[in-house]
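The structure under discussion appears below in the form of structure tokens.
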Amino acid sequence: MRRLIFVLVAILFAIVGCQTKPVTLLPLPTQAVAAGLPPTATQVVPPTFTPPPATAVPTSTPSKRRDAPPPSSTPLPIPTNTPRPPTAVPTDTPTPGPDGYITATPNIKPLDEYGTYEIIPYQAFPTPPGNNGWGMHWIPSTSQDPAIVDRFVAELVRMHIKWVVFMNDGTDIGSNDYLVEQLVANGIMPVMRLFRSNVTAYDGNIHAMVSHYRTKGVYYYQLYNEPNTNIENNQGFANPNQYAQAWAAAARAVISAGGLPGIGALSPGGEYDDDEFLARTLQALDYYGESHLLNHAWLSVHNYHGLRAYDDPGGFLLFRQYDEIIRHHIGRSLPMIGTEGGSYSPDPQVEKQFIIFEYSYMRDAEPYFLAYSHWILANQEGGHYDSRWEYQALFRAGFIHPVVTDFFYKNSR
């Protein structure tokens, strides 16, 4: 009898086994939390990179490998770009092409006429009067005295800068009122980074803060910074799934107040590969049902170039790679703003040539790449205490970088 029962049980398991398909669960990267993506998603453990310094601002050029041309000790000649004529705006609604990408120019209307779930095309994102795509990261502190604001806004005007990235202390209201008022009064587009030292929910009321600064002329709000670095994450490691959820919560508040939320710029030298982190963030937003927030969003870019050849895809041109990833996931380009970048050398004349290349490129840049910003305008001269960033500033005690006098003062494009 026992033998008969054993045989029947064996037959039952065999039948069930034949009807059940084997399931392979691909784990999320080792950094992931339980709230991850579906097990059917492709999971790739990111390669390990040398962590950036504690400031989370690269002090040397990241050396990430991409599909780049052979390295050269001599940069390619600076291209002579000719501004292209504006593209006529068609009257019909664009549809995706055979590859799924939307390439036609859509109807453009005032920003406040787009609904919450309606796509705002990059052609409709606001730009400053006389826009040349030239930006500058302001001073690496969250507020400055009026005298410092007056001094360096005057320099920005003389340098023909049209975009300025500045840091606001989270959801603080008021500390940067004077700066914003002076920028807008001088035809400069302010881009606010909501400073937060880690990827956790912002303290305070984002909606109230954005409502306050929208009336003063701030459209762009960067949420978090370099989330693919361990130092910027409260749990000690980078995680695109957590970032997607934190970003979505903040982005909803920004959009509800009439602002445009920016995806925090990724570090090309972060511990979590920046391309993979961006792709996984977009994938996570879709999985959590938050991808509609991208209809009003833009991407912040840290395209530090270093001393690479000018056409190296891992330097200044990094935004092209990001655009491919974005179009693959959502079928269209997102507007991008370079909020940090730079080329550093012990010789200011060498730096000057690279900075000239970066800003000259903006004469005929891809239309979705709205602006490029050098890190930084001033440091200790702007009242900031941290001397580690002093060598990266264009204005220092008794020193003005030659690119300021030889290029910015003399050119408007």
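Convention: chains lettered A, B, ... in structure tokens order; per-chain residue numbering from 1; ligands numbered from 1 as shown.
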
If you count only C-alpha atoms, which residues fall within 9 Å of Ala284 in chain A, apart from same-chain ones fewer than 3 positions away, as a ChimeraX atom specification? /A:36-37,240-242,244-245,279-281,287-291

Writing out the chosen residues with N, CA and C atoms as a compact mmCIF listing (two decimals), in the first residue's frame:
```
# COMPACT_ATOMS: atom_id res chain seq x y z
N GLY A 36 11.44 46.92 -6.43
CA GLY A 36 12.20 46.98 -7.67
C GLY A 36 11.32 46.85 -8.88
N LEU A 37 11.98 46.65 -10.03
CA LEU A 37 11.29 46.50 -11.29
C LEU A 37 10.83 45.06 -11.47
N PRO A 240 18.38 53.49 -8.70
CA PRO A 240 17.45 54.18 -9.58
C PRO A 240 15.99 54.00 -9.21
N ASN A 241 15.65 52.88 -8.57
CA ASN A 241 14.26 52.66 -8.19
C ASN A 241 13.84 53.61 -7.08
N GLN A 242 14.69 53.77 -6.10
CA GLN A 242 14.40 54.73 -5.04
C GLN A 242 14.37 56.15 -5.59
N ALA A 244 13.64 57.16 -8.61
CA ALA A 244 12.44 57.38 -9.41
C ALA A 244 11.25 57.74 -8.52
N GLN A 245 11.11 57.06 -7.40
CA GLN A 245 9.99 57.34 -6.51
C GLN A 245 10.14 58.69 -5.80
N ALA A 279 18.56 54.90 -17.80
CA ALA A 279 17.61 53.95 -18.39
C ALA A 279 16.74 53.30 -17.33
N ARG A 280 17.36 52.90 -16.23
CA ARG A 280 16.61 52.24 -15.16
C ARG A 280 15.64 53.20 -14.46
N THR A 281 16.01 54.48 -14.37
CA THR A 281 15.10 55.47 -13.78
C THR A 281 13.86 55.64 -14.66
N TYR A 287 7.14 51.77 -14.62
CA TYR A 287 6.64 50.67 -13.79
C TYR A 287 5.76 51.17 -12.65
N TYR A 288 6.13 52.29 -12.05
CA TYR A 288 5.37 52.84 -10.94
C TYR A 288 4.19 53.70 -11.40
N GLY A 289 3.96 53.79 -12.71
CA GLY A 289 2.85 54.59 -13.23
C GLY A 289 3.07 56.08 -13.17
N GLU A 290 4.34 56.51 -13.23
CA GLU A 290 4.67 57.93 -13.09
C GLU A 290 5.27 58.53 -14.37
N SER A 291 5.26 57.79 -15.46
CA SER A 291 5.94 58.28 -16.67
C SER A 291 5.29 59.52 -17.25
```

Would you write out, as a tab-separated table, a table of all residues in range 131-208 of chain A that have an atom no more than 8 Å from an atom of range 381-396 of chain A, listing for each the closest atom pair and the distance in Å to one decimal, considering only C-alpha atoms and ordering rows by chain and rising residue number?
```
residue	atom	partner	partner_atom	distance
A:Ile139	CA	A:Gly382	CA	6.2
A:Pro140	CA	A:His384	CA	6.8
A:Ser141	CA	A:His384	CA	6.1
A:Gln144	CA	A:Gly383	CA	6.9
A:Ile148	CA	A:Gly382	CA	6.1
```

Expected file contents, prior selection, C-alpha atoms, as a compact mmCIF listing (two decimals), in the first residue's frame:
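Wrote again-v4.txt, looks like this:
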```txt
# COMPACT_ATOMS: atom_id res chain seq x y z
CA ILE A 139 28.35 80.40 -6.75
CA PRO A 140 28.34 77.06 -4.83
CA SER A 141 26.39 78.38 -1.84
CA GLN A 144 24.72 85.57 -1.19
CA ILE A 148 27.95 90.04 -4.34
```

Members of range 146-388 of chain A assigned strand (DSSP E) by DSSP, as a PyMOL selection string: chain A and resi 163-169+189-195+220-223+260-263+298-302+336-340+369-374

Could you save those same residues with C-alpha atoms as a PDB file, in the first residue's frame?
```
ATOM      1  CA  TRP A 163      21.253  81.093 -18.274  1.00  0.00           C
ATOM      2  CA  VAL A 164      22.333  80.801 -14.639  1.00  0.00           C
ATOM      3  CA  VAL A 165      22.156  77.692 -12.455  1.00  0.00           C
ATOM      4  CA  PHE A 166      21.985  78.440  -8.737  1.00  0.00           C
ATOM      5  CA  MET A 167      21.387  76.430  -5.570  1.00  0.00           C
ATOM      6  CA  ASN A 168      18.418  77.001  -3.300  1.00  0.00           C
ATOM      7  CA  ASP A 169      18.422  75.531   0.193  1.00  0.00           C
ATOM      8  CA  MET A 189      17.005  82.626 -17.317  1.00  0.00           C
ATOM      9  CA  PRO A 190      17.354  81.287 -13.744  1.00  0.00           C
ATOM     10  CA  VAL A 191      17.614  77.509 -13.220  1.00  0.00           C
ATOM     11  CA  MET A 192      17.086  76.505  -9.591  1.00  0.00           C
ATOM     12  CA  ARG A 193      18.661  73.411  -8.084  1.00  0.00           C
ATOM     13  CA  LEU A 194      16.775  72.380  -4.946  1.00  0.00           C
ATOM     14  CA  PHE A 195      19.804  71.507  -2.844  1.00  0.00           C
ATOM     15  CA  TYR A 220      13.216  75.285 -14.158  1.00  0.00           C
ATOM     16  CA  TYR A 221      13.678  73.256 -10.929  1.00  0.00           C
ATOM     17  CA  GLN A 222      16.376  70.570 -10.725  1.00  0.00           C
ATOM     18  CA  LEU A 223      15.413  67.843  -8.249  1.00  0.00           C
ATOM     19  CA  LEU A 260       9.184  72.298 -14.904  1.00  0.00           C
ATOM     20  CA  PRO A 261      10.899  69.508 -12.925  1.00  0.00           C
ATOM     21  CA  GLY A 262      14.420  68.498 -13.886  1.00  0.00           C
ATOM     22  CA  ILE A 263      15.848  65.017 -13.497  1.00  0.00           C
ATOM     23  CA  TRP A 298      13.753  68.100 -18.565  1.00  0.00           C
ATOM     24  CA  LEU A 299      17.120  66.489 -17.919  1.00  0.00           C
ATOM     25  CA  SER A 300      19.999  68.172 -16.120  1.00  0.00           C
ATOM     26  CA  VAL A 301      23.383  67.213 -17.605  1.00  0.00           C
ATOM     27  CA  HIS A 302      26.894  67.270 -16.119  1.00  0.00           C
ATOM     28  CA  MET A 336      18.281  69.139 -21.590  1.00  0.00           C
ATOM     29  CA  ILE A 337      20.226  71.820 -19.763  1.00  0.00           C
ATOM     30  CA  GLY A 338      23.922  71.454 -19.020  1.00  0.00           C
ATOM     31  CA  THR A 339      24.072  72.546 -15.394  1.00  0.00           C
ATOM     32  CA  GLU A 340      27.753  71.725 -14.759  1.00  0.00           C
ATOM     33  CA  PHE A 369      20.095  70.914 -25.734  1.00  0.00           C
ATOM     34  CA  LEU A 370      18.954  74.285 -24.455  1.00  0.00           C
ATOM     35  CA  ALA A 371      22.058  75.530 -22.630  1.00  0.00           C
ATOM     36  CA  TYR A 372      25.536  74.640 -21.421  1.00  0.00           C
ATOM     37  CA  SER A 373      26.916  75.856 -18.079  1.00  0.00           C
ATOM     38  CA  HIS A 374      30.508  76.006 -16.883  1.00  0.00           C
TER      39      HIS A 374
END
```

Please, what distance in Å, to one decimal, runs between CA of His207 in chain A and CA of Ala253 in chain A? 5.1 Å

By how many Å are CA of His305 in chain A and CA of Phe354 in chain A apart?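 Between CA of His305 in chain A and CA of Phe354 in chain A the gap is 8.3 Å.
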
Any idea what's packed within 8 Å of Ser175 in chain A, counting only C-alpha atoms, ignoring anything in its chain fewer than 3 positions away? Could you give it as a list in words?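 Near neighbours after the sequence-gap exclusion: Thr142, Ser143, Asn168, Asp172 and Tyr178 of chain A.
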
Between A:Phe237, A:Phe277, A:Phe125, A:Phe408, which is the closest to Ile108 in chain A once you count only C-alpha atoms? A:Phe125

Pairwise distance for CA of Tyr310 in chain A and CA of Gly331 in chain A, rounded to one decimal in Å: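 Answer for the CA of Tyr310 in chain A to CA of Gly331 in chain A separation: 28.4 Å.
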
From the set A:Asn186, A:Ser360, A:Ser333, A:Asn228, which residue has the shortest atom-to-atom contact distance to Ile119 in chain A, counting only C-alpha atoms?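 That would be A:Ser333, the residue with the smallest distance to Ile119 in chain A.
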
Counting only C-alpha atoms, which of A:Ile231, A:Ile400, A:Ala365, A:Leu285 gets nearest to Asn132 in chain A?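 Closest residue, counting only C-alpha atoms: A:Ala365.
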
Ile325 in chain A: which residues within 10 Å, counting only C-alpha atoms, same-chain residues fewer than 5 positions away excluded, as a PyMOL selection string? chain A and resi 275-276+278-279+282+319-320+330-333
